[in-house]
Each structure stands twice: as C-alpha cells, then as structure tokens.
$ cat input_3.txt   # compact mmCIF, C-alpha atoms
# COMPACT_ATOMS: atom_id res chain seq x y z
CA MET A 8 0.00 0.00 0.00
CA ALA A 9 1.39 3.36 -1.03
CA SER A 10 1.74 5.91 1.70
CA LEU A 11 -0.62 8.85 1.97
CA LYS A 12 2.02 11.28 0.87
CA GLU A 13 2.84 9.24 -2.18
CA LEU A 14 -0.81 9.02 -3.16
CA LYS A 15 -1.26 12.72 -2.75
CA GLY A 16 1.74 13.33 -4.97
CA ARG A 17 0.40 11.03 -7.62
CA ILE A 18 -3.02 12.67 -7.61
CA ASN A 19 -1.41 16.06 -8.06
CA SER A 20 0.75 14.92 -10.91
CA VAL A 21 -2.23 13.39 -12.74
CA LYS A 22 -4.13 16.59 -12.14
CA SER A 23 -1.48 18.69 -13.79
CA THR A 24 -1.31 16.28 -16.71
CA GLN A 25 -5.03 16.64 -17.08
CA LYS A 26 -4.68 20.39 -17.21
CA ILE A 27 -2.24 20.09 -20.09
CA THR A 28 -4.35 17.65 -22.09
CA LYS A 29 -7.42 19.77 -21.54
CA ALA A 30 -5.68 22.90 -22.76
CA LYS A 31 -4.32 21.09 -25.80
CA GLN A 32 -7.76 19.74 -26.58
CA MET A 33 -9.29 23.18 -26.54
CA VAL A 34 -6.54 24.62 -28.67
CA ALA A 35 -6.97 21.79 -31.17
CA ALA A 36 -10.72 22.30 -31.30
CA ALA A 37 -10.26 25.97 -32.11
CA LYS A 38 -7.59 25.28 -34.70
CA LEU A 39 -9.57 22.47 -36.24
CA ARG A 40 -12.32 24.82 -37.24
CA ARG A 41 -9.87 27.05 -39.04
CA ALA A 42 -8.02 24.16 -40.68
CA GLN A 43 -11.24 22.62 -41.85
CA ALA A 44 -12.38 25.92 -43.35
CA ALA A 45 -9.05 26.25 -45.14
CA ALA A 46 -9.29 22.72 -46.50
CA GLU A 47 -12.77 23.45 -47.79
CA ALA A 48 -11.79 26.79 -49.29
CA GLY A 49 -9.02 25.10 -51.23
CA ARG A 50 -11.30 22.56 -52.83
CA PRO A 51 -12.79 24.62 -55.70
CA TYR A 52 -9.35 25.35 -57.12
CA ALA A 53 -8.24 21.73 -57.02
CA LEU A 54 -11.52 20.63 -58.53
CA ARG A 55 -11.37 23.06 -61.43
CA LEU A 56 -7.72 22.45 -62.10
CA GLY A 57 -8.45 18.73 -62.19
CA LYS A 58 -11.19 19.32 -64.75
CA VAL A 59 -8.94 21.40 -66.95
CA MET A 60 -6.25 18.74 -66.64
CA ALA A 61 -8.63 16.00 -67.67
CA SER A 62 -9.78 17.81 -70.78
CA LEU A 63 -6.22 18.69 -71.79
CA ALA A 64 -4.49 15.44 -71.00
CA GLY A 65 -6.95 13.62 -73.22
CA LYS A 66 -5.87 15.75 -76.15
CA VAL A 67 -2.13 15.74 -75.64
CA SER A 68 -1.17 12.13 -75.32
CA GLY A 69 1.25 9.87 -77.06
CA GLU A 70 4.39 11.28 -78.60
CA GLY A 71 4.26 14.93 -77.76
CA ALA A 72 3.27 14.47 -74.14
CA PRO A 73 5.62 16.07 -71.64
CA LYS A 74 7.62 13.85 -69.33
CA LEU A 75 5.70 14.89 -66.26
CA LEU A 76 2.64 13.30 -67.81
CA ALA A 77 4.08 10.39 -69.74
CA GLY A 78 6.87 9.45 -67.36
CA ASN A 79 10.40 8.66 -68.44
CA GLY A 80 9.67 5.17 -69.54
CA SER A 81 11.05 3.19 -66.65
CA GLY A 82 9.44 2.35 -63.34
CA GLU A 83 12.42 1.19 -61.35
CA ARG A 84 13.06 3.88 -58.79
CA HIS A 85 10.18 5.01 -56.64
CA LEU A 86 10.04 8.05 -54.43
CA LEU A 87 7.61 8.04 -51.54
CA VAL A 88 6.64 11.52 -50.45
CA VAL A 89 5.36 11.05 -46.92
CA VAL A 90 3.50 13.91 -45.27
CA ASN A 91 3.61 13.78 -41.48
CA THR A 92 2.85 16.34 -38.84
CA ASP A 93 5.48 18.37 -37.02
CA LYS A 94 4.03 18.00 -33.58
CA GLY A 95 2.96 15.02 -31.56
CA LEU A 96 0.05 14.67 -29.16
CA CYS A 97 -2.25 13.63 -31.96
CA GLY A 98 -2.94 9.99 -31.23
CA GLY A 99 -2.22 7.39 -33.85
CA LEU A 100 -2.20 9.76 -36.79
CA ASN A 101 1.51 9.73 -37.54
CA SER A 102 1.98 6.06 -36.86
CA ASN A 103 -0.87 5.29 -39.26
CA VAL A 104 0.73 7.35 -42.00
CA VAL A 105 4.10 5.75 -41.35
CA LYS A 106 2.52 2.31 -41.37
CA GLU A 107 0.97 2.99 -44.76
CA ALA A 108 4.28 4.30 -46.10
CA LYS A 109 6.18 1.26 -44.84
CA ALA A 110 3.62 -1.11 -46.30
CA ARG A 111 4.00 0.60 -49.69
CA ALA A 112 7.77 0.51 -49.45
CA ARG A 113 7.79 -3.22 -48.63
CA GLU A 114 5.41 -3.91 -51.49
CA LEU A 115 7.65 -2.08 -53.94
CA ILE A 116 10.82 -3.64 -52.59
CA ALA A 117 9.23 -7.09 -52.84
CA ALA A 118 8.50 -6.32 -56.48
CA GLY A 119 12.18 -5.61 -56.99
CA LYS A 120 11.99 -1.82 -57.15
CA LYS A 121 14.18 0.73 -55.48
CA VAL A 122 12.53 2.93 -52.89
CA GLU A 123 13.49 6.28 -51.51
CA PHE A 124 11.69 8.57 -49.11
CA TYR A 125 11.05 12.27 -49.22
CA LEU A 126 9.75 13.31 -45.83
CA VAL A 127 7.61 16.31 -45.09
CA GLY A 128 7.09 17.05 -41.42
CA ARG A 129 9.20 16.00 -38.48
CA LYS A 130 7.26 13.16 -36.94
CA GLY A 131 7.85 10.67 -39.72
CA ARG A 132 11.63 10.77 -39.58
CA ALA A 133 12.48 8.59 -36.63
CA PRO A 134 10.12 5.66 -37.30
CA ILE A 135 10.96 5.49 -40.99
CA ARG A 136 14.68 5.79 -40.37
CA ARG A 137 14.45 2.86 -37.99
CA ASP A 138 13.21 0.52 -40.72
CA PHE A 139 14.78 2.03 -43.81
CA PRO A 140 17.97 3.75 -42.65
CA GLN A 141 19.47 3.88 -46.13
CA SER A 142 16.51 5.15 -48.05
CA ILE A 143 15.84 8.58 -46.65
CA GLY A 144 16.84 11.01 -49.32
CA HIS A 145 15.39 14.39 -48.62
CA GLN A 146 13.45 16.11 -45.95
CA PHE A 147 11.37 19.19 -46.04
CA ASP A 148 10.94 21.07 -42.82
CA THR A 149 7.60 22.70 -42.22
CA SER A 150 8.04 23.07 -38.49
CA GLU A 151 9.05 26.72 -38.62
CA VAL A 152 5.97 27.96 -40.41
CA ARG A 153 2.85 28.29 -38.40
CA THR A 154 0.38 27.30 -41.09
CA PRO A 155 1.94 25.68 -44.13
CA GLY A 156 0.45 27.24 -47.21
CA PHE A 157 0.89 27.49 -50.91
CA VAL A 158 4.43 28.81 -50.60
CA GLU A 159 5.56 25.59 -48.94
CA ALA A 160 3.67 23.47 -51.43
CA GLU A 161 5.39 25.41 -54.19
CA ALA A 162 8.80 24.82 -52.67
CA ILE A 163 8.21 21.09 -52.27
CA ALA A 164 6.83 20.75 -55.78
CA GLY A 165 9.79 22.68 -57.18
CA GLU A 166 12.23 20.40 -55.43
CA LEU A 167 10.41 17.28 -56.60
CA ILE A 168 10.23 18.44 -60.19
CA ASP A 169 13.94 19.27 -60.12
CA LEU A 170 14.75 15.81 -58.80
CA PHE A 171 12.62 14.29 -61.50
CA ALA A 172 14.27 16.38 -64.19
CA GLN A 173 17.68 15.23 -62.92
CA GLY A 174 16.49 11.67 -63.23
CA LYS A 175 16.76 10.87 -59.53
CA PHE A 176 13.54 8.87 -59.55
CA ASP A 177 10.99 7.53 -61.99
CA ILE A 178 7.74 7.50 -60.08
CA ALA A 179 6.69 9.52 -57.08
CA HIS A 180 3.87 8.65 -54.72
CA LEU A 181 2.30 11.00 -52.25
CA ILE A 182 1.20 9.59 -48.89
CA TYR A 183 -0.82 11.82 -46.59
CA PRO A 184 -3.70 11.61 -44.13
CA VAL A 185 -7.14 12.55 -45.42
CA PHE A 186 -9.39 14.26 -42.95
CA LYS A 187 -12.76 12.55 -42.81
CA SER A 188 -13.90 13.56 -39.36
CA ALA A 189 -12.39 14.34 -36.00
CA LEU A 190 -12.42 10.59 -35.36
CA VAL A 191 -11.30 9.24 -38.71
CA GLN A 192 -8.23 10.28 -40.70
CA ASP A 193 -7.19 7.71 -43.23
CA PRO A 194 -3.79 7.72 -44.89
CA VAL A 195 -3.99 7.53 -48.67
CA THR A 196 -1.45 6.98 -51.41
CA GLN A 197 -1.58 8.87 -54.65
CA GLN A 198 0.65 8.79 -57.65
CA LEU A 199 2.18 12.23 -57.99
CA ILE A 200 4.73 12.05 -60.80
CA PRO A 201 4.14 11.22 -63.60
CA VAL A 202 0.74 12.77 -63.25
CA PRO A 203 -1.71 9.92 -63.65
CA ALA A 204 -3.74 10.42 -66.80
CA PRO A 205 -7.22 11.31 -65.64
CA GLU A 206 -10.12 9.43 -67.09
CA VAL A 207 -11.11 11.20 -70.20
CA ALA A 208 -14.62 12.35 -69.50
CA ASP A 209 -14.45 14.73 -72.37
CA THR A 210 -17.77 14.39 -74.09
CA SER A 211 -18.14 18.01 -74.99
CA ALA A 212 -15.78 17.94 -77.91
CA ALA A 213 -16.50 21.58 -78.56
CA ALA A 214 -13.66 23.16 -80.44
CA VAL A 215 -11.75 24.85 -77.68
CA GLU A 216 -9.19 27.36 -78.78
CA TYR A 217 -5.87 27.13 -77.04
CA GLU A 218 -3.62 30.04 -76.50
CA PRO A 219 -0.65 29.51 -77.04
CA ASP A 220 -1.23 25.79 -77.79
CA GLU A 221 -2.10 22.58 -76.00
CA GLU A 222 1.44 21.45 -75.30
CA GLU A 223 2.59 24.73 -73.88
CA ILE A 224 -0.43 25.08 -71.68
CA LEU A 225 -0.01 21.54 -70.47
CA ALA A 226 3.67 22.14 -69.76
CA GLU A 227 2.68 25.01 -67.54
CA LEU A 228 -0.28 23.26 -66.07
CA LEU A 229 1.44 20.09 -64.89
CA PRO A 230 3.76 21.70 -62.32
CA ARG A 231 0.82 23.69 -61.10
CA PHE A 232 -1.24 20.54 -60.75
CA ILE A 233 1.50 18.89 -58.69
CA LYS A 234 1.72 21.99 -56.53
CA THR A 235 -1.98 21.94 -55.95
CA GLN A 236 -1.89 18.30 -54.93
CA LEU A 237 0.81 19.00 -52.41
CA PHE A 238 -1.09 22.00 -51.17
CA THR A 239 -4.17 19.85 -50.70
CA ALA A 240 -2.06 17.30 -48.84
CA LEU A 241 -0.74 19.99 -46.51
CA LEU A 242 -4.22 21.30 -45.83
CA GLU A 243 -5.52 17.81 -45.16
CA ARG A 244 -2.62 17.14 -42.88
CA GLU A 245 -3.35 20.28 -40.93
CA ALA A 246 -7.01 19.39 -40.47
CA SER A 247 -6.15 15.77 -39.65
CA GLU A 248 -3.60 16.80 -37.07
CA GLN A 249 -6.01 19.05 -35.24
CA GLY A 250 -8.84 16.54 -35.48
CA ALA A 251 -6.74 13.65 -34.23
CA SER A 252 -5.25 15.81 -31.54
CA MET A 253 -8.65 16.89 -30.32
CA THR A 254 -9.90 13.31 -30.08
CA ALA A 255 -6.74 12.00 -28.47
CA MET A 256 -6.63 14.77 -25.91
CA ASP A 257 -10.31 14.35 -25.13
CA ASN A 258 -9.64 10.71 -24.34
CA ALA A 259 -6.57 11.57 -22.33
CA THR A 260 -8.48 14.12 -20.27
CA ARG A 261 -11.19 11.60 -19.54
CA ASN A 262 -8.70 8.92 -18.57
CA ALA A 263 -6.93 11.32 -16.28
CA GLY A 264 -10.25 12.15 -14.64
CA GLU A 265 -10.95 8.47 -14.03
CA LEU A 266 -7.51 7.94 -12.63
CA ILE A 267 -7.91 10.88 -10.28
CA ASP A 268 -11.21 9.49 -8.99
CA LYS A 269 -9.65 6.10 -8.40
CA LEU A 270 -6.65 7.52 -6.62
CA THR A 271 -8.83 9.79 -4.50
CA ILE A 272 -10.89 6.84 -3.30
CA GLN A 273 -7.72 4.96 -2.51
CA TYR A 274 -6.36 7.99 -0.69
CA ASN A 275 -9.47 8.36 1.44
CA ARG A 276 -9.56 4.67 2.28
CA SER A 277 -5.99 4.61 3.45
CA ARG A 278 -6.53 7.79 5.43
CA GLN A 279 -9.49 6.17 7.23
CA ALA A 280 -7.54 2.99 7.76
CA ALA A 281 -4.77 4.99 9.36
CA ILE A 282 -7.21 6.76 11.67
CA THR A 283 -8.85 3.48 12.64
CA THR A 284 -5.51 1.91 13.43
CA GLU A 285 -4.54 4.87 15.57
CA LEU A 286 -7.84 4.70 17.49
CA ILE A 287 -7.45 0.98 18.12
CA GLU A 288 -3.98 1.61 19.45
CA ILE A 289 -5.18 4.32 21.83
CA ILE A 290 -8.11 2.25 23.08
CA ALA A 291 -5.95 -0.81 23.52
CA GLY A 292 -3.43 1.31 25.42
CA ALA A 293 -6.17 2.75 27.70
CA GLU A 294 -7.57 -0.70 28.42
CA ALA A 295 -4.16 -2.04 29.42
CA LEU A 296 -3.87 0.56 32.17
CA MET B 3 -28.01 37.20 -69.56
CA ALA B 4 -24.66 38.06 -68.18
CA LEU B 5 -21.32 36.39 -68.13
CA HIS B 6 -20.71 34.12 -65.19
CA PHE B 7 -17.27 34.90 -63.84
CA GLU B 8 -15.31 32.91 -61.31
CA LEU B 9 -11.92 33.78 -59.87
CA VAL B 10 -10.30 30.99 -57.89
CA THR B 11 -7.02 30.79 -56.00
CA PRO B 12 -5.61 27.79 -54.16
CA ALA B 13 -6.63 29.38 -50.89
CA ARG B 14 -10.20 30.31 -51.70
CA LEU B 15 -12.92 31.13 -54.18
CA VAL B 16 -12.42 34.86 -54.60
CA ARG B 17 -15.30 35.73 -56.89
CA SER B 18 -18.31 33.99 -58.25
CA GLU B 19 -20.72 36.42 -59.82
CA ASP B 20 -22.46 37.53 -62.96
CA VAL B 21 -20.82 40.42 -64.74
CA HIS B 22 -21.00 42.14 -68.11
CA MET B 23 -17.46 41.74 -69.36
CA VAL B 24 -14.03 40.74 -68.13
CA THR B 25 -10.73 41.67 -69.74
CA VAL B 26 -8.13 39.00 -69.14
CA PRO B 27 -4.36 39.56 -69.44
CA GLY B 28 -3.70 36.51 -71.60
CA GLY B 29 -0.28 35.10 -72.27
CA GLU B 30 -0.44 36.32 -75.86
CA GLY B 31 -2.30 39.53 -75.29
CA ASP B 32 -5.31 40.85 -73.45
CA PHE B 33 -8.70 39.66 -74.47
CA GLY B 34 -12.16 40.61 -73.42
CA VAL B 35 -14.76 38.00 -72.62
CA LEU B 36 -18.45 38.68 -73.06
CA GLU B 37 -21.33 36.34 -72.62
CA GLY B 38 -21.44 33.62 -75.27
CA HIS B 39 -17.69 33.71 -75.97
CA ALA B 40 -16.28 30.73 -77.83
CA PRO B 41 -14.48 28.17 -75.65
CA VAL B 42 -10.91 29.26 -75.07
CA MET B 43 -8.16 28.20 -72.78
CA SER B 44 -5.27 30.53 -72.22
CA THR B 45 -2.35 31.12 -69.96
CA ILE B 46 -2.20 34.36 -68.03
CA ARG B 47 0.63 36.76 -67.52
CA ASP B 48 0.84 38.77 -64.33
CA GLY B 49 -1.38 41.76 -64.69
CA ALA B 50 -4.72 43.31 -64.00
CA LEU B 51 -8.03 41.66 -64.56
CA LEU B 52 -10.64 44.25 -65.54
CA VAL B 53 -14.15 43.44 -64.42
CA TYR B 54 -17.02 45.46 -65.93
CA LYS B 55 -20.09 44.93 -63.78
CA THR B 56 -22.39 46.54 -66.36
CA GLU B 57 -21.98 47.93 -69.79
CA GLY B 58 -20.02 51.16 -69.70
CA ALA B 59 -19.34 50.91 -65.99
CA VAL B 60 -15.98 51.83 -64.54
CA PRO B 61 -13.97 48.58 -64.48
CA GLU B 62 -12.78 47.08 -61.27
CA GLU B 63 -9.13 46.09 -61.30
CA ILE B 64 -7.91 42.86 -59.75
CA GLN B 65 -4.20 42.14 -59.82
CA ILE B 66 -3.49 38.48 -60.49
CA GLN B 67 -0.39 36.37 -60.84
CA GLY B 68 0.17 33.20 -62.75
CA GLY B 69 -2.55 30.87 -63.85
CA PHE B 70 -5.11 30.07 -66.48
CA ALA B 71 -8.28 31.38 -67.90
CA GLU B 72 -10.87 29.05 -69.25
CA VAL B 73 -13.98 30.02 -71.12
CA GLY B 74 -16.51 27.28 -71.35
CA GLU B 75 -20.24 26.81 -71.42
CA ASN B 76 -20.60 27.96 -67.84
CA GLY B 77 -18.72 31.18 -68.32
CA LEU B 78 -15.25 32.35 -67.50
CA THR B 79 -13.11 30.67 -64.88
CA VAL B 80 -9.82 32.24 -63.92
CA LEU B 81 -7.44 30.06 -61.92
CA ALA B 82 -4.84 32.37 -60.46
CA GLU B 83 -2.03 31.56 -58.11
CA GLN B 84 -2.18 34.84 -56.31
CA VAL B 85 -4.70 37.63 -56.12
CA GLU B 86 -4.10 41.05 -54.69
CA GLY B 87 -6.90 43.10 -53.27

$ encode --input "input_3.txt" --output "structure tokens"
Amino acid sequence: MASLKELKGRINSVKSTQKITKAKQMVAAAKLRRAQAAAEAGRPYALRLGKVMASLAGKVSGEGAPKLLAGNGSGERHLLVVVNTDKGLCGGLNSNVVKEAKARARELIAAGKKVEFYLVGRKGRAPIRRDFPQSIGHQFDTSEVRTPGFVEAEAIAGELIDLFAQGKFDIAHLIYPVFKSALVQDPVTQQLIPVPAPEVADTSAAAVEYEPDEEEILAELLPRFIKTQLFTALLEREASEQGASMTAMDNATRNAGELIDKLTIQYNRSRQAAITTELIEIIAGAEAL
Amino acid sequence: MALHFELVTPARLVRSEDVHMVTVPGGEGDFGVLEGHAPVMSTIRDGALLVYKTEGAVPEEIQIQGGFAEVGENGLTVLAEQVEG
C-alpha cells in the first residue's frame, strides 16, 4: 500500500497532466475549425484544375506528351513523399501514416523496385529511419511555419520536379492523411509524378481554342497541378492533425479524470484505515492501564 | 443574360458572380470576354483583370499572378495563383 504522501503526490501529478491535455484539446478544437475551413476553401481550385487537366491530357497524349505526364519510360526507382505532422500529441495519426508508407515501401521492394523517401514534417523521420535507414533522401521542414500554405507546397513541388528532371527517380507517390472527421483520418497513397492520366470524360468535344497551344499550356499546367496536390495534402494534414489531436486529448483528459477518482478513493480509504488503526492503538493502550 | 465569372485561387474562391465583361491579361495579349464567348483556354501573364459589372461601368481592377483562364459553357473561370486586393 502506497503511503498517503505518495498518493497525494500522484493525484497532483495526474491533475497537472489533465490540465495540459485539456488545454491542448481546446486549442486543437479551435484550430480544427480554421483548418477545416481552409481545406474546404481550397477545394474549388483543385476541382477546377483537375477538370482542366482532364480535358487537356486527353488531347495531348502519345508522342508529344511532356515527361511529367508520360513518365520517363522506366518504373524502377520510386520516391515516396510522406506527409507527417510536425508536432505530436495527436494519437495514432503519424503512426498510421508511417505504417501505410512502410507497407507501400515493402510492397515495392518485394516487387524488386528501389525505394526512396522524401519526408515532409518531423514526426515521420524517426520511425521510418528505424526501418529504412538507407533510403531517406530528402526532408522538407515545415516546423518553422505556423500554417503551411501554398508557398511551402510550391517549394516542395519545385524540389520534386527538379529531382525528376535530374532523373533521380521515376515514379513519385504521395502519402498523406485525409481528414474525414475528428475521429477518422485515413492515410492515402496517390501517384504524384508522372501525373496519372485522368479518365477522359471529355464528351463536350466543342472546339476549344488554345492560346498559345495545348502542349505549352499543359507544360505550364502540370507543375501547377502537382503543386496543388501537395497543397491539398498539406491542408488535409493540418485538419487531420487538429482533429486527431482533439480526439486523443479528449480521451486523455477523460482517462486522467478516471484515474484521479480512483486515486482519491484509494487515498481516502488509506486515510481512514490509518485513523482506525490509531484509534485501536489508543483504546488498547487505555484498556491495558 | 450576363457572363458568369469565377476567380479561384488555391486558398479560396475569390469571386463567383455575374458580370458584363471581363478583360483578361492573356499570355499572348489581353482579351475581353463577353457572354457567349467561344471556348478558349489561355495562360495568363501577371497583370490586371478588368471586371465590368455593367456595360459602360468603370472597371474594377484585380491584380493576379500566374494561372489560367478558361472560357466554357458555364462562363469564364480564372485560376490564379495569387490575387491582390
């Protein structure tokens, strides 16, 4: 049986932990609303750009297609772009993303391909390095910006396109958590480079005039499309992080509350036991006289 | 009937409204879009987008950077990377 002093100490320490988790939960709830709004505000652009892509890619295929669309012909070296958060305290979010990334990597390695990682966010580094110490190529740090935005997406996309142009990899996949609700954030994998040819849903074969011409527009559009995808991933990550954090901290606060109740009961019992023992001693002493 | 005009950036939907005419700084020269314009897709150079709410009205200037303009059946959609003002 722990002593009264020990119990009291433990109750206090759990109480202060509860204060922290509660504060973090409230912060996450407030940030979640903003992140969710940002993710929603970004959707029209992605949607429209996707539509434009679909109508263009259908027209420029075959010989003249740029490398970013057609690929460079080989599929040997894969780059996994893994988007993790920079901060912890968000439950299983990061480990789920890492799990997905590792599963992909094993799949590709089993198929005889070469795999490299490009990590965005700090929390993915350690667990991926543990399993694939040789394969971590590049990292992109987003921990110094408060809310990663289009500028960061642009920087990442630029770096990736440069690497592709230098022939450092053949196929890039993007792995990031998709925010479904505060309870559910599923990691998804998307092919990033070469841009997967969208299904040609181009029924309106109206003669569209292109200025300057299809190829040039497409050449400008593809990097933009990649940027937008990364931007979406960053927004989704932000919303997922806050959502997961809110849920995890809510649970933690509740658990702490339960623990405090349990410890308090234990504390009271031992206090009573101590009093009873003391009384018995006094009475026994009085009787002996 | 007026021209339906949408201006979208990665961060948000800036405009979605019916206007009379929009002058777009296209990659190969400015062009004005009225209702019923033939389908066109064009790159944009950095410059000012002129929005005429009604015929003969004083145009509203919107500075945009980088992107595309698409004229389709549902009007004009401008996808810009950055919008000022």

$ closest_residue --input "input_3.txt" --among "A:Val104, A:Glu218, A:Ala53, A:Asp257" --to "Asp32 in chain B" --atoms "all atoms listed in the file"
A:Glu218

$ closest_residue --input "input_3.txt" --among "B:Ala4, B:Val35, B:Val73, B:Ala50" --to "chain A" --atoms "all atoms listed in the file"
B:Val73

$ closest_residue --input "input_3.txt" --among "B:Pro61, B:Gly69, B:Gly74, B:Gly34" --to "Leu56 in chain A" --atoms "all atoms listed in the file"
B:Gly69

$ interface_residues --input "input_3.txt" --of "chain A" --to "chain B" --cutoff "12 Å" --atoms "only C-alpha atoms" --output "PyMOL selection string"
chain A and resi 42+44-60+62-63+155-158+160-161+211-232+234-239+241-242

$ residues_around --input "input_3.txt" --residues "Asp48 in chain B" --least-positions-apart "5" --cutoff "8 Å" --atoms "all atoms listed in the file" --output "ChimeraX atom specification"
/B:27,65-68

$ closest_residue --input "input_3.txt" --among "A:Ala117, A:Ala77, A:Leu100, A:Val127" --to "Pro203 in chain A" --atoms "all atoms listed in the file"
A:Ala77

$ residues_around --input "input_3.txt" --residues "His180 in chain A" --least-positions-apart "3" --cutoff "9 Å" --atoms "all atoms listed in the file" --output "list of chain:residue names"
A:His85, A:Leu86, A:Leu87, A:Val88, A:Val89, A:Thr196, A:Gln197, A:Gln198, A:Leu199, A:Ile200

$ closest_residue --input "input_3.txt" --among "B:Ile64, B:Leu36, B:Val85, B:Ala59" --to "Val24 in chain B" --atoms "all atoms listed in the file"
B:Leu36

$ atom_distance --input "input_3.txt" --atom1 "CA of Phe124 in chain A" --atom2 "CA of Lys175 in chain A"
11.8 Å

$ atom_distance --input "input_3.txt" --atom1 "CA of Leu96 in chain A" --atom2 "CA of Met256 in chain A"
7.4 Å

$ atom_distance --input "input_3.txt" --atom1 "CA of Ile282 in chain A" --atom2 "CA of Lys15 in chain A"
16.7 Å

$ residues_around --input "input_3.txt" --residues "Gln146 in chain A" --least-positions-apart "2" --cutoff "8 Å" --atoms "all atoms listed in the file" --output "short mmCIF file (atom, residue, chain, number, x, y, z; two decimals) with C-alpha atoms, keeping the file's coordinate frame"
data_model
loop_
_atom_site.label_atom_id
_atom_site.label_comp_id
_atom_site.auth_asym_id
_atom_site.auth_seq_id
_atom_site.Cartn_x
_atom_site.Cartn_y
_atom_site.Cartn_z
CA TYR A 125 11.05 12.27 -49.22
CA LEU A 126 9.75 13.31 -45.83
CA VAL A 127 7.61 16.31 -45.09
CA GLY A 128 7.09 17.05 -41.42
CA ILE A 143 15.84 8.58 -46.65
CA GLY A 144 16.84 11.01 -49.32
CA ASP A 148 10.94 21.07 -42.82
#

$ axis_aligned_box --input "input_3.txt" --around "range 34-46 of chain A" --padding-each-side "3 Å" --output "lines of an AutoDock Vina configuration file"
center_x = -9.5
center_y = 24.4
center_z = -37.6
size_x = 11.8
size_y = 11.3
size_z = 23.8

$ closest_residue --input "input_3.txt" --among "B:Val60, B:Val21, B:Leu52, B:Leu5" --to "Glu37 in chain B" --atoms "all atoms listed in the file"
B:Leu5

$ build_atoms --input "input_3.txt" --residues "range 31-47 of chain B" --atoms "N, CA, C and O atoms" --output "compact mmCIF listing (two decimals), keeping the file's coordinate frame"
# COMPACT_ATOMS: atom_id res chain seq x y z
N GLY B 31 -1.57 38.28 -75.09
CA GLY B 31 -2.30 39.53 -75.29
C GLY B 31 -3.61 39.53 -74.54
O GLY B 31 -4.18 38.48 -74.26
N ASP B 32 -4.05 40.72 -74.20
CA ASP B 32 -5.31 40.85 -73.45
C ASP B 32 -6.48 40.45 -74.35
O ASP B 32 -6.45 40.64 -75.55
N PHE B 33 -7.47 39.89 -73.73
CA PHE B 33 -8.70 39.66 -74.47
C PHE B 33 -9.90 39.85 -73.57
O PHE B 33 -9.84 39.59 -72.37
N GLY B 34 -10.94 40.36 -74.18
CA GLY B 34 -12.16 40.61 -73.42
C GLY B 34 -13.11 39.44 -73.60
O GLY B 34 -13.17 38.82 -74.66
N VAL B 35 -13.81 39.11 -72.53
CA VAL B 35 -14.76 38.00 -72.62
C VAL B 35 -16.15 38.54 -72.31
O VAL B 35 -16.39 39.13 -71.26
N LEU B 36 -17.04 38.34 -73.26
CA LEU B 36 -18.45 38.68 -73.06
C LEU B 36 -19.24 37.39 -72.96
O LEU B 36 -18.70 36.30 -73.17
N GLU B 37 -20.48 37.52 -72.69
CA GLU B 37 -21.33 36.34 -72.62
C GLU B 37 -21.38 35.66 -74.00
O GLU B 37 -21.38 36.33 -75.03
N GLY B 38 -21.35 34.34 -74.01
CA GLY B 38 -21.44 33.62 -75.27
C GLY B 38 -20.13 33.54 -76.02
O GLY B 38 -20.10 33.23 -77.20
N HIS B 39 -19.03 33.80 -75.36
CA HIS B 39 -17.69 33.71 -75.97
C HIS B 39 -17.39 32.26 -76.35
O HIS B 39 -17.80 31.34 -75.66
N ALA B 40 -16.65 32.09 -77.42
CA ALA B 40 -16.28 30.73 -77.83
C ALA B 40 -15.34 30.13 -76.80
O ALA B 40 -14.59 30.85 -76.15
N PRO B 41 -15.36 28.82 -76.64
CA PRO B 41 -14.48 28.17 -75.65
C PRO B 41 -13.01 28.45 -75.94
O PRO B 41 -12.54 28.24 -77.04
N VAL B 42 -12.32 28.93 -74.92
CA VAL B 42 -10.91 29.26 -75.07
C VAL B 42 -10.20 28.83 -73.80
O VAL B 42 -10.77 28.86 -72.72
N MET B 43 -8.97 28.40 -73.96
CA MET B 43 -8.16 28.20 -72.78
C MET B 43 -6.85 28.94 -73.00
O MET B 43 -6.24 28.83 -74.06
N SER B 44 -6.46 29.71 -72.02
CA SER B 44 -5.27 30.53 -72.22
C SER B 44 -4.47 30.64 -70.94
O SER B 44 -5.02 30.58 -69.85
N THR B 45 -3.18 30.81 -71.13
CA THR B 45 -2.35 31.12 -69.96
C THR B 45 -2.52 32.60 -69.64
O THR B 45 -3.02 33.37 -70.44
N ILE B 46 -2.06 32.97 -68.46
CA ILE B 46 -2.20 34.36 -68.03
C ILE B 46 -0.83 34.89 -67.69
O ILE B 46 -0.01 34.19 -67.11
N ARG B 47 -0.58 36.14 -68.06
CA ARG B 47 0.63 36.76 -67.52
C ARG B 47 0.21 37.62 -66.33
O ARG B 47 -0.97 37.95 -66.18
